[in-house]
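Colleague: Shown below is the structure under consideration.
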Amino acid sequence: MSDEPSDRDDASGEPEDGSPTDGGVDSGDPSADDSLTDRFAALPRWQSDLLLIVATVLGVYVFIAGLGLVTGLGFGGVTRTLRTVTFLAAAYALVVLALNLHWGYTGLFNIGVAGFMAVGAYTMAIATADIDPGATGTPGLGLPVPVGIVLGMVAAGLVGLIVVLPALRIRADYFAIVTLAFAEVIRLLITSGALREFEVLGRELGTGGGAGINFARLDTVVPSWILYRGGTIEQGTNLFGRQLLTVTNALGIERTLVENWLYTLTLVLLVAAVFWLLVRTGNSPFGRVLKAIREDELATKSLGKNTDLVKIKVFVLGCAIMGLAGIVWQGRNGYVDPNAFLPIVTFYIFIALIIGGSGSNTGSVIGAFVFIGLLFEGPPYVQRIVRQNVDLPRPDTVYDGVVALGGLDPLPLLGYVVGQLPNIRFILFGAILIGLMIYRPDGLLGHRNEPASPIDLRRERPPTAGPSSSARADGGESDE
Amino acid sequence: MSEAERSDVSGSELDAVSDHPLSVSNVEKRFGGVVAVDGASFSVERGTITGLIGPNGAGKSTTFNLITGVYTPDSGNIVFEGEEITGLGPNGVANRGLVRTFQIARELSEMTVLENMLLAFKGQLGESLWRSVTPIARREVVAEERELLERVWEILELFEIDHLAHERAGALSGGQRKLLELSRALLTDPEMLLLDEPMAGVNPSLEKKLLERIHELREEGYTFLLVEHDMDVIMDNCEHVIVMHQGRVLSEGTPAEIQADERVIEAYLGGEV
Amino acid sequence: MEIEAVRGRVSGLSWEQRFGLLLVAGVVVMILDVIRRLAVGELAFTTLSTFLWRGLVDGLLIGLAAVGLSMTYSILRFANFSHGDLVTTGAFTGWTTAWVIGGVGVTDIGTRLLINADGSSSARELDLQIFAEPLAIVGGLIVAAIGTILIALAIDRLVYRRMRTAGGIPLLIASVGVALALRYVIVFFYGERTRGVVRSSPRLEHPAIFWTESIVVHQFVLVVSAVILIVGLHLLLQYTKLGKAMRAMADNRDLALVTGIPTERVILATWVIGAGLTGVAGYLIVLEQETLNFNTGWFLLLLIFAAVILGGIGSIYGAITGGLIIGVADNLMLVWISGDLTRVAAFLLMILILIFRPQGLFGGVETA
Ligand SMILES: Nc1ncnc2c1ncn2[C@@H]1O[C@H](COP(=O)(O)OP(=O)(O)OP(=O)(O)O)[C@@H](O)[C@H]1O
Ligand SMILES: [Mg+2]
């Protein structure tokens, strides 16, 4: 990570002429004359991106905390919501980043995301489940958790390879249907009774069918690695664990809560790592080929790029990350079942990506936070707050509400609407998707100018900068 | 014209290869009922600007697409620098040093002009995924990028589109996009360039400059195959002209010979009116 | 020598042709195996005929719904992911009507309007079946068509019309948005509960006419309605100017535009016909299943896509045939695999066709 800023320093060292906004760089930005945005635009790219992400996350937090505290939800309730939001947003950010690699960068319209997550999570589950789980459980291989995680990612990548190889040349909308159908095939297979339990090389294994499968709780195992010697609570705390737990004990925070937060923070670090990896992937000649494939595959091929190979690599990498996301997100409780991988999950991820603006890693992370914090968790949160503060009637049906409204009492209908808030948010999702597609196809942030290069191209100026186009015609033609 | 099978490459044929890098033999391509190219054979001499002309729908672009691997011929074969390139696919052909531009410019519209140009270089270190993400190896990628960038600026200035460097390629005018495509093709370091109507939509002064540049490159040893509708351009600049009509090679020769050829005149009049 | 010759011929085939051969071989093997099982007595003839009959019923339903999807796919040029929810829309509008009519004097209007959302009544109480309440059932069928058409047209006006020039992928994404919004608007009014809305079908015993032991009247009604609609569609497409324009546009939209076909009017007709048939399909699906849920259509979407793709996108007859194939295959597969895997087989078949034969089983886009 250390040489990342130095790349940028090189880049920002050159254009000290103080006018980074001439040329076409910021055209289209309506508020470019504002001095604050000016200064923001003058930052190196990684700094401005980080600032944008931090600002969004803080914005979402302040909104949640503010709303909660003002309406008397209490400190406990607010922190619980914040933890849920942080966890979910981090998990989403992971998949959204992977999807952005597929669709945003390369134009591979993969709507089978849930399927690849399922492969990751189930492989991990089968690999780490107890060999002998007792009468009702589903047996697994009993391997250590890290091995399971790696296997899960590898399996998701391999399944990605199987999907992408035959599908390299088909149209984008067919690719969409193929990936969705594949994800459904995977879900139906793990639901099916046929694979509930089977034998491989004399070992009993299985998916557990509709009942799912139990394995080690990740939100206990991972914090244990951090807090305890040898990763198990029996051997006592390690140095870090002792100090942390002393502090939290003094504050009266329960140990499970500490572990939960540790797991969430680990996930945030994981997101940071994947973000870093994908930013580097994107900001490179490799990433340039990806964008070129998205724009026009034939033109890219005609420049001698082996687009098939690049597509395969990217698809497999993205699927592996999706597998990882399936593991750390859906598998956090040490339990997975097929219902966690319904196709709708894929569409949530799409909404998050589209909000942030596909094609931008920064947008992916922002989209994940906005989607989770405001859209997904927002309506139920508002419902909770309203119900805690106001005693609204809760009619069974909208009809009862309307009848009461006819009798000039709006409260029952209002109560019904509040009761329906968790469902109404799906209407909201739909409306947002439609609105974005019609009015802002580039996402809420608008089109982001993020040239794919290891150096910040936006700041590059011609070496012979000066009154251009006049002196060149005769002087500048020397080859070499 | 050597139209022999490639299986019996004789000594004299090898000589033919050395001064005729590209030869197309009996190539045929059908689209449903339409026979777009109907057994065309020709070869292009090294270090020349060869014109490929013919009325609309004669099969020129399809021939280009066959040579550059966009389509696979139904029959016949194409040899470049002594090696068969039929069925290699567009990237395979481009990597042999045979690079083309399109009749309708195919800029990468959401990418900036700089990105478009940087994409062109072959064999970039940073096109390998691991090198792009590994901390130490990435230094080389950055260094290479700086070098490439210098060459990009050079050529952008040459084509007078350096002021557009940060613009989205899709926002360029038609003529500017043609320039972008041609300069991008040059950056791939080709042996031979196939240009499909490179002058269409380019203003006259720029057209002149473009032709000058093409002549310079030819003197450096590049070979050009040029599709163009403007007869004056063809007659003034090409050493050799191939005329296609209804998917076949109707005639070929020097511009003067072509101008005098009855069949060519007839094809143009008959085809157009 | 001979083997060489065969190998030569095989390697001369395209992937597509090889895939076709493999598919045909697979089907032949399966038919032979069915015959063998019948002969050996592993498979009872009545079982087979039940599979086939159920396949026909399912196939007609999927086929009806697939026509609309195929038409919008080729004429509006996008994969409409809200199509399943049009099926649901038909089911809800239709059965609301059936309840409103059939429940007169039995239960209050609030319960009837929301198809028993409060759970205070039941299909048994209304005695909602074809013999007892023919008016309600037929009325529901008609309203299912009209209601779905109106909603589809409203959606087109609000969403798709603003995106006529957008590409297939933005439209596809917008249609996902439409699917979500539509589905949860339904949930807002009707709730999430799955409920029985029809009584079990009366049966007719008539061994002389029906090879199955008895005929389920609702299924019979369903098959007759579907066949009438398909014949009507055929007449419309073949013998009216509108039908010809639609076929032309499905074949080649750009060409049709040049030749001066009134695009918007054809699009309107596409929605009317497509959504009407889809709504009816949704209504009839519930008549057969007897239960109703807001996810009914969404869960069928991929099967409907499979039918469209099998038949070739843009081909109306192909969509119906594709539906029948999917329906029959889905049931007949039970001879070999367990019930929870038949869909896997259908989806895998669809994937293979998209990859190796994207123009569908019966060749190119021919709407004729
Ligand atoms: N992809 C295709 N599908 C069907 N027909 C095609 C296709 N490409 C070309 N054709 C047909 O092949 C014939 C030759 O077309 P081509 O584009 O090669 O002509 P051309 O010589 O480049 O003409 P122009 O001067 O107008 O560019 C035309 O009749 C054209 O309609
Ligand atoms: Mg042409």
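Here, A, B, ... name the chains of the structure tokens in the order displayed, residue numbers run from 1 inside each chain, and ligands are numbered from 1 in the same displayed order.
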Compile the contact shell of range 148-154 of chain C as a PyMOL selection string: residues with an atom at most 10 Å away, counting only C-alpha atoms, same-chain residues fewer than 5 positions apart removed.

Modeller: chain C and resi 82-83+85-94+143+159-161+182+267-280+282

Colleague: Do you know which residues are within 9 Å of ligand 1 using only C-alpha atoms and all ligand atoms? Can you write them as a PyMOL selection string?

Modeller: chain B and resi 29-37+53-65+71+103+196-197+227-229+244-247

Colleague: Could you write out the selected residues, including N, CA and C atoms, as a compact mmCIF listing (two decimals), in the first residue's frame?

Modeller:
# COMPACT_ATOMS: atom_id res chain seq x y z
N LYS B 29 -17.22 -15.29 -49.22
CA LYS B 29 -18.03 -15.12 -48.01
C LYS B 29 -19.48 -14.84 -48.38
N ARG B 30 -20.35 -15.64 -47.82
CA ARG B 30 -21.78 -15.48 -48.06
C ARG B 30 -22.49 -15.09 -46.77
N PHE B 31 -23.49 -14.23 -46.90
CA PHE B 31 -24.39 -13.93 -45.77
C PHE B 31 -25.77 -14.36 -46.19
N GLY B 32 -26.20 -15.48 -45.69
CA GLY B 32 -27.49 -16.00 -46.16
C GLY B 32 -27.43 -16.13 -47.67
N GLY B 33 -28.29 -15.40 -48.38
CA GLY B 33 -28.30 -15.50 -49.84
C GLY B 33 -27.29 -14.58 -50.51
N VAL B 34 -26.83 -13.55 -49.78
CA VAL B 34 -25.95 -12.56 -50.40
C VAL B 34 -24.53 -13.09 -50.47
N VAL B 35 -23.96 -13.07 -51.68
CA VAL B 35 -22.55 -13.41 -51.79
C VAL B 35 -21.77 -12.10 -51.74
N ALA B 36 -21.20 -11.80 -50.58
CA ALA B 36 -20.55 -10.51 -50.39
C ALA B 36 -19.17 -10.50 -51.05
N VAL B 37 -18.44 -11.58 -50.89
CA VAL B 37 -17.14 -11.72 -51.56
C VAL B 37 -17.16 -13.06 -52.28
N ILE B 53 -10.71 -0.22 -54.54
CA ILE B 53 -11.89 0.58 -54.85
C ILE B 53 -12.99 -0.30 -55.41
N GLY B 54 -14.12 0.31 -55.60
CA GLY B 54 -15.26 -0.42 -56.13
C GLY B 54 -16.52 0.29 -55.71
N PRO B 55 -17.59 0.08 -56.48
CA PRO B 55 -18.86 0.74 -56.14
C PRO B 55 -19.38 0.28 -54.78
N ASN B 56 -20.37 0.97 -54.25
CA ASN B 56 -20.94 0.58 -52.96
C ASN B 56 -21.42 -0.87 -53.00
N GLY B 57 -21.14 -1.58 -51.95
CA GLY B 57 -21.60 -2.97 -51.87
C GLY B 57 -20.72 -3.93 -52.67
N ALA B 58 -19.57 -3.46 -53.13
CA ALA B 58 -18.71 -4.33 -53.94
C ALA B 58 -18.06 -5.42 -53.11
N GLY B 59 -18.01 -5.22 -51.81
CA GLY B 59 -17.42 -6.22 -50.95
C GLY B 59 -16.09 -5.80 -50.35
N LYS B 60 -15.79 -4.52 -50.40
CA LYS B 60 -14.50 -4.04 -49.90
C LYS B 60 -14.39 -4.22 -48.38
N SER B 61 -15.41 -3.73 -47.67
CA SER B 61 -15.35 -3.84 -46.21
C SER B 61 -15.38 -5.30 -45.78
N THR B 62 -16.15 -6.09 -46.49
CA THR B 62 -16.21 -7.51 -46.13
C THR B 62 -14.84 -8.15 -46.35
N THR B 63 -14.17 -7.78 -47.43
CA THR B 63 -12.82 -8.29 -47.67
C THR B 63 -11.90 -7.90 -46.51
N PHE B 64 -12.00 -6.64 -46.09
CA PHE B 64 -11.22 -6.20 -44.93
C PHE B 64 -11.52 -7.07 -43.72
N ASN B 65 -12.81 -7.30 -43.51
CA ASN B 65 -13.20 -8.09 -42.35
C ASN B 65 -12.69 -9.52 -42.44
N TYR B 71 -14.46 -11.91 -39.85
CA TYR B 71 -15.22 -13.03 -40.39
C TYR B 71 -14.25 -14.13 -40.80
N GLN B 103 -14.56 1.44 -41.21
CA GLN B 103 -15.25 2.42 -42.05
C GLN B 103 -16.03 3.41 -41.18
N ASP B 196 -9.99 1.62 -43.88
CA ASP B 196 -11.28 1.62 -44.56
C ASP B 196 -11.84 3.04 -44.56
N GLU B 197 -11.72 3.70 -45.67
CA GLU B 197 -12.19 5.08 -45.85
C GLU B 197 -11.72 6.00 -44.73
N VAL B 227 -9.00 1.66 -48.64
CA VAL B 227 -10.29 1.75 -49.32
C VAL B 227 -10.69 3.21 -49.34
N GLU B 228 -11.05 3.71 -50.50
CA GLU B 228 -11.39 5.13 -50.58
C GLU B 228 -12.35 5.35 -51.74
N HIS B 229 -13.33 6.21 -51.53
CA HIS B 229 -14.27 6.49 -52.62
C HIS B 229 -13.82 7.66 -53.47
N MET B 244 -12.75 -3.83 -57.11
CA MET B 244 -13.67 -4.93 -56.83
C MET B 244 -15.05 -4.59 -57.37
N HIS B 245 -15.74 -5.62 -57.80
CA HIS B 245 -17.10 -5.43 -58.26
C HIS B 245 -17.86 -6.72 -57.99
N GLN B 246 -18.97 -6.60 -57.35
CA GLN B 246 -19.81 -7.76 -57.03
C GLN B 246 -19.01 -8.90 -56.41
N GLY B 247 -18.15 -8.54 -55.48
CA GLY B 247 -17.43 -9.55 -54.71
C GLY B 247 -16.20 -10.12 -55.40

Colleague: Could you tell me how far CA of Asp118 in chain C sits from CA of Arg394 in chain A, in Å to one decimal place?

Modeller: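 Pair CA of Arg394 in chain A / CA of Asp118 in chain C returns 12.7 Å.
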
Colleague: Define the interface residues of chain A facing chain B as those within 6 Å, counting only C-alpha atoms, and report them as a list in words.

Modeller: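 Listing them in order of chain and number gives Gly24, Arg280, Ser284, Pro285, Phe286, Glu295, Lys301, Ser302, Leu303, Gly304, Lys305, Asn306, Pro454 and Pro462 of chain A.
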
Colleague: Convert the current residue selection to file output with N, CA and C atoms, as a JSON list (two decimals), in the first residue's frame.

Modeller:
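Dumped to part-v4.json:
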[["chain", "number", "residue", "atom", "x", "y", "z"],
["A", 24, "GLY", "N", -11.00, 19.41, -20.84],
["A", 24, "GLY", "CA", -12.32, 18.79, -20.72],
["A", 24, "GLY", "C", -12.52, 18.08, -19.40],
["A", 280, "ARG", "N", -6.50, -1.10, -7.99],
["A", 280, "ARG", "CA", -5.26, -1.33, -8.73],
["A", 280, "ARG", "C", -5.53, -2.06, -10.02],
["A", 284, "SER", "N", -5.00, 0.34, -14.31],
["A", 284, "SER", "CA", -3.82, -0.29, -14.88],
["A", 284, "SER", "C", -4.10, -0.57, -16.33],
["A", 285, "PRO", "N", -3.09, -0.88, -17.08],
["A", 285, "PRO", "CA", -3.34, -1.27, -18.48],
["A", 285, "PRO", "C", -4.31, -2.44, -18.58],
["A", 286, "PHE", "N", -4.26, -3.33, -17.60],
["A", 286, "PHE", "CA", -5.23, -4.44, -17.59],
["A", 286, "PHE", "C", -6.65, -3.89, -17.49],
["A", 295, "GLU", "N", -16.66, -1.27, -23.86],
["A", 295, "GLU", "CA", -17.06, -0.29, -24.86],
["A", 295, "GLU", "C", -17.27, -0.92, -26.22],
["A", 301, "LYS", "N", -10.32, -6.20, -29.86],
["A", 301, "LYS", "CA", -9.64, -7.33, -30.49],
["A", 301, "LYS", "C", -8.79, -6.86, -31.65],
["A", 302, "SER", "N", -9.32, -5.91, -32.41],
["A", 302, "SER", "CA", -8.59, -5.44, -33.58],
["A", 302, "SER", "C", -7.32, -4.71, -33.21],
["A", 303, "LEU", "N", -7.18, -4.36, -31.94],
["A", 303, "LEU", "CA", -5.90, -3.80, -31.50],
["A", 303, "LEU", "C", -5.00, -4.89, -30.94],
["A", 304, "GLY", "N", -5.39, -6.13, -31.14],
["A", 304, "GLY", "CA", -4.52, -7.25, -30.78],
["A", 304, "GLY", "C", -4.70, -7.75, -29.37],
["A", 305, "LYS", "N", -5.76, -7.33, -28.70],
["A", 305, "LYS", "CA", -5.95, -7.81, -27.32],
["A", 305, "LYS", "C", -6.70, -9.14, -27.34],
["A", 306, "ASN", "N", -6.22, -10.05, -26.52],
["A", 306, "ASN", "CA", -6.91, -11.33, -26.39],
["A", 306, "ASN", "C", -8.06, -11.18, -25.39],
["A", 454, "PRO", "N", -2.23, 3.47, -14.33],
["A", 454, "PRO", "CA", -1.55, 3.51, -13.03],
["A", 454, "PRO", "C", -1.14, 4.93, -12.64],
["A", 462, "PRO", "N", 0.42, 17.86, -22.14],
["A", 462, "PRO", "CA", 1.43, 17.58, -23.17],
["A", 462, "PRO", "C", 2.79, 18.11, -22.73]]

Colleague: How close does chain A get to chain C? List, as CSV, each residue of chain A within 8 Å, its nearest atom pair and the distance in Å to one decimal, counting only C-alpha atoms.

Modeller:
residue,atom,partner,partner_atom,distance
A:Pro166,CA,C:Ile355,CA,6.8
A:Ala167,CA,C:Ile355,CA,6.3
A:Ile170,CA,C:Ile355,CA,6.7
A:Ala172,CA,C:Ile169,CA,7.6
A:Asp173,CA,C:Ile169,CA,6.7
A:Tyr174,CA,C:Leu354,CA,6.6
A:Ile177,CA,C:Ile351,CA,8.0
A:Val178,CA,C:Ile351,CA,5.4
A:Ala181,CA,C:Phe347,CA,5.9
A:Phe182,CA,C:Phe347,CA,7.6
A:Glu184,CA,C:Val344,CA,7.9
A:Val185,CA,C:Val344,CA,5.2
A:Leu188,CA,C:Val344,CA,6.7
A:Leu189,CA,C:Leu341,CA,7.1
A:Ser192,CA,C:Asp340,CA,5.6
A:Gly193,CA,C:Asp340,CA,7.4
A:Ala194,CA,C:Ser338,CA,7.8
A:Phe347,CA,C:Val176,CA,7.9
A:Asp396,CA,C:Asp118,CA,6.2
A:Thr397,CA,C:Asp118,CA,6.5
A:Val398,CA,C:Phe189,CA,6.1
A:Tyr399,CA,C:Gly110,CA,5.9
A:Asp400,CA,C:Gly110,CA,7.7
A:Gln420,CA,C:Phe188,CA,6.6
A:Asn423,CA,C:Tyr184,CA,6.3
A:Ile424,CA,C:Tyr184,CA,6.8
A:Phe426,CA,C:Leu180,CA,6.1
A:Ile427,CA,C:Ala181,CA,4.0
A:Leu428,CA,C:Ala181,CA,7.0
A:Phe429,CA,C:Gly177,CA,6.8
A:Gly430,CA,C:Gly177,CA,3.6
A:Ala431,CA,C:Gly177,CA,6.2
A:Ile432,CA,C:Gly177,CA,7.4
A:Leu433,CA,C:Gly177,CA,5.1
A:Ile434,CA,C:Ala174,CA,4.7
A:Met437,CA,C:Pro170,CA,6.0
A:Ile438,CA,C:Met163,CA,6.7
A:Pro441,CA,C:Pro170,CA,7.8

Colleague: Keeping only N, CA and C atoms, take the residues you just selected and write them out as a compact mmCIF listing (two decimals), in the first residue's frame.

Modeller:
# COMPACT_ATOMS: atom_id res chain seq x y z
N PRO A 166 -18.24 -21.29 -21.99
CA PRO A 166 -19.11 -21.41 -23.17
C PRO A 166 -19.84 -20.11 -23.50
N ALA A 167 -19.90 -19.19 -22.53
CA ALA A 167 -20.75 -18.01 -22.72
C ALA A 167 -19.97 -16.80 -23.22
N ILE A 170 -21.72 -14.94 -26.36
CA ILE A 170 -23.14 -14.67 -26.52
C ILE A 170 -23.48 -13.24 -26.14
N ALA A 172 -25.19 -9.81 -24.59
CA ALA A 172 -25.26 -9.43 -23.17
C ALA A 172 -26.55 -9.89 -22.52
N ASP A 173 -27.68 -9.76 -23.22
CA ASP A 173 -28.94 -10.14 -22.56
C ASP A 173 -29.04 -11.67 -22.42
N TYR A 174 -28.46 -12.39 -23.37
CA TYR A 174 -28.45 -13.85 -23.22
C TYR A 174 -27.52 -14.25 -22.07
N ILE A 177 -29.43 -14.01 -18.93
CA ILE A 177 -30.35 -15.11 -18.67
C ILE A 177 -29.57 -16.38 -18.31
N VAL A 178 -28.45 -16.59 -19.01
CA VAL A 178 -27.64 -17.78 -18.71
C VAL A 178 -27.15 -17.73 -17.26
N ALA A 181 -30.07 -18.26 -14.85
CA ALA A 181 -30.51 -19.65 -14.85
C ALA A 181 -29.50 -20.53 -14.13
N PHE A 182 -28.23 -20.23 -14.32
CA PHE A 182 -27.21 -21.02 -13.65
C PHE A 182 -27.31 -20.88 -12.13
N GLU A 184 -29.96 -20.23 -10.50
CA GLU A 184 -31.14 -20.96 -10.06
C GLU A 184 -30.87 -22.46 -10.03
N VAL A 185 -30.12 -22.93 -11.03
CA VAL A 185 -29.75 -24.34 -11.04
C VAL A 185 -28.99 -24.68 -9.76
N LEU A 188 -31.41 -24.64 -6.80
CA LEU A 188 -32.31 -25.80 -6.82
C LEU A 188 -31.55 -27.07 -6.45
N LEU A 189 -30.29 -27.15 -6.91
CA LEU A 189 -29.51 -28.35 -6.59
C LEU A 189 -29.25 -28.43 -5.08
N SER A 192 -32.37 -29.41 -3.34
CA SER A 192 -32.91 -30.73 -3.69
C SER A 192 -32.58 -31.80 -2.66
N GLY A 193 -33.52 -32.68 -2.47
CA GLY A 193 -33.31 -33.80 -1.56
C GLY A 193 -32.21 -34.73 -2.06
N ALA A 194 -31.96 -34.71 -3.37
CA ALA A 194 -31.00 -35.65 -3.95
C ALA A 194 -29.59 -35.43 -3.41
N PHE A 347 -30.42 -8.80 -7.28
CA PHE A 347 -30.96 -7.51 -7.70
C PHE A 347 -30.69 -6.42 -6.66
N ASP A 396 -55.86 -4.70 9.98
CA ASP A 396 -55.44 -5.91 9.26
C ASP A 396 -55.20 -5.64 7.79
N THR A 397 -56.10 -4.87 7.20
CA THR A 397 -56.02 -4.68 5.76
C THR A 397 -56.11 -3.22 5.42
N VAL A 398 -55.71 -2.91 4.20
CA VAL A 398 -55.77 -1.54 3.72
C VAL A 398 -57.23 -1.10 3.65
N TYR A 399 -58.12 -2.06 3.45
CA TYR A 399 -59.55 -1.74 3.35
C TYR A 399 -60.04 -1.10 4.64
N ASP A 400 -59.67 -1.69 5.77
CA ASP A 400 -60.07 -1.11 7.05
C ASP A 400 -59.57 0.32 7.17
N GLN A 420 -46.66 -1.45 6.78
CA GLN A 420 -46.21 -1.98 5.49
C GLN A 420 -44.85 -1.42 5.06
N ASN A 423 -42.38 -3.58 3.33
CA ASN A 423 -42.74 -3.95 1.97
C ASN A 423 -42.66 -2.76 1.02
N ILE A 424 -43.03 -1.61 1.54
CA ILE A 424 -43.02 -0.41 0.69
C ILE A 424 -41.61 -0.12 0.18
N PHE A 426 -39.59 -2.09 -1.05
CA PHE A 426 -39.34 -2.77 -2.33
C PHE A 426 -39.94 -1.98 -3.49
N ILE A 427 -41.08 -1.36 -3.22
CA ILE A 427 -41.65 -0.47 -4.25
C ILE A 427 -40.66 0.65 -4.51
N LEU A 428 -40.09 1.14 -3.43
CA LEU A 428 -39.09 2.20 -3.54
C LEU A 428 -37.88 1.73 -4.37
N PHE A 429 -37.40 0.52 -4.09
CA PHE A 429 -36.27 -0.01 -4.87
C PHE A 429 -36.60 0.02 -6.36
N GLY A 430 -37.81 -0.49 -6.65
CA GLY A 430 -38.22 -0.55 -8.06
C GLY A 430 -38.24 0.84 -8.66
N ALA A 431 -38.85 1.77 -7.93
CA ALA A 431 -38.96 3.13 -8.45
C ALA A 431 -37.58 3.74 -8.66
N ILE A 432 -36.67 3.45 -7.75
CA ILE A 432 -35.32 4.00 -7.88
C ILE A 432 -34.62 3.44 -9.12
N LEU A 433 -34.75 2.14 -9.31
CA LEU A 433 -34.13 1.54 -10.50
C LEU A 433 -34.68 2.18 -11.76
N ILE A 434 -36.00 2.31 -11.80
CA ILE A 434 -36.62 2.88 -13.00
C ILE A 434 -36.16 4.33 -13.19
N MET A 437 -32.61 4.56 -14.37
CA MET A 437 -32.44 4.16 -15.76
C MET A 437 -32.95 5.25 -16.70
N ILE A 438 -34.03 5.93 -16.28
CA ILE A 438 -34.57 6.95 -17.18
C ILE A 438 -33.77 8.26 -17.08
N PRO A 441 -28.68 7.34 -15.81
CA PRO A 441 -28.10 6.01 -16.03
C PRO A 441 -26.67 5.88 -15.50

Colleague: One decimal, in Å: what's the spacing between CA of Gly323 in chain A and CA of Pro133 in chain A?

Modeller: 24.5 Å

Colleague: Would you mind listing what lies within 6 Å of Tyr335 in chain A as a list in words, with only C-alpha atoms counted and same-chain residues fewer than 2 positions away left out?

Modeller: Ile213, Asn214, Gly331 and Asn333 of chain A

Colleague: Any chance you can output those residues with all heavy atoms as an mmCIF file, in the first residue's frame?

Modeller:
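Below is the file selection.cif, written as the result:
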data_model
loop_
_atom_site.group_PDB
_atom_site.id
_atom_site.type_symbol
_atom_site.label_atom_id
_atom_site.label_comp_id
_atom_site.auth_asym_id
_atom_site.auth_seq_id
_atom_site.Cartn_x
_atom_site.Cartn_y
_atom_site.Cartn_z
ATOM 1 N N ILE A 213 -27.241 -26.189 6.498
ATOM 2 C CA ILE A 213 -26.085 -26.891 7.052
ATOM 3 C C ILE A 213 -25.412 -26.005 8.098
ATOM 4 O O ILE A 213 -25.331 -24.795 7.952
ATOM 5 C CB ILE A 213 -25.123 -27.281 5.890
ATOM 6 C CG1 ILE A 213 -23.900 -28.015 6.403
ATOM 7 C CG2 ILE A 213 -24.685 -26.094 5.079
ATOM 8 C CD1 ILE A 213 -23.123 -28.657 5.259
ATOM 9 N N ASN A 214 -24.975 -26.624 9.166
ATOM 10 C CA ASN A 214 -24.322 -25.898 10.256
ATOM 11 C C ASN A 214 -22.815 -26.089 10.208
ATOM 12 O O ASN A 214 -22.330 -27.154 9.844
ATOM 13 C CB ASN A 214 -24.816 -26.413 11.607
ATOM 14 C CG ASN A 214 -26.217 -25.929 11.901
ATOM 15 O OD1 ASN A 214 -26.450 -24.732 12.052
ATOM 16 N ND2 ASN A 214 -27.156 -26.862 11.945
ATOM 17 N N GLY A 331 -22.667 -16.644 5.703
ATOM 18 C CA GLY A 331 -22.206 -17.720 6.567
ATOM 19 C C GLY A 331 -21.756 -17.240 7.936
ATOM 20 O O GLY A 331 -21.183 -17.998 8.708
ATOM 21 N N ASN A 333 -23.269 -16.633 10.694
ATOM 22 C CA ASN A 333 -23.870 -17.281 11.857
ATOM 23 C C ASN A 333 -23.540 -18.758 11.967
ATOM 24 O O ASN A 333 -24.102 -19.458 12.788
ATOM 25 C CB ASN A 333 -25.388 -17.150 11.820
ATOM 26 C CG ASN A 333 -25.802 -15.722 12.022
ATOM 27 O OD1 ASN A 333 -25.138 -14.999 12.751
ATOM 28 N ND2 ASN A 333 -26.870 -15.331 11.368
#

Colleague: Using backbone DSSP assignments, extract all alpha helix (DSSP H) residues from range 119-175 of chain B; output them as a ChimeraX atom specification.

Modeller: /B:119,129-133,135-158,174-175

Colleague: Have a look at CA of Val403 in chain A and CA of Val100 in chain C and let me know their distance in Å, one decimal.

Modeller: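 CA of Val403 in chain A sits 17.4 Å away from CA of Val100 in chain C.
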
Colleague: Contacts of range 104-119 of chain A at 8 Å or less, counting only C-alpha atoms, minus same-chain residues fewer than 3 places along, as an NGL selection string?

Modeller: :A and (99-101 or 122-123 or 152 or 155-156 or 159-160 or 172-173 or 175-177 or 179-184 or 186-187 or 282 or 287 or 290-295 or 311 or 314-315 or 319-320 or 322-327 or 338 or 341-343 or 345-347 or 358-360)

Colleague: Run DSSP on the backbone of this structure and report the residues of range 34-266 of chain C it assigns to strand (DSSP E or B), as a ChimeraX atom specification.

Modeller: /C:195-196,203-205,214-216
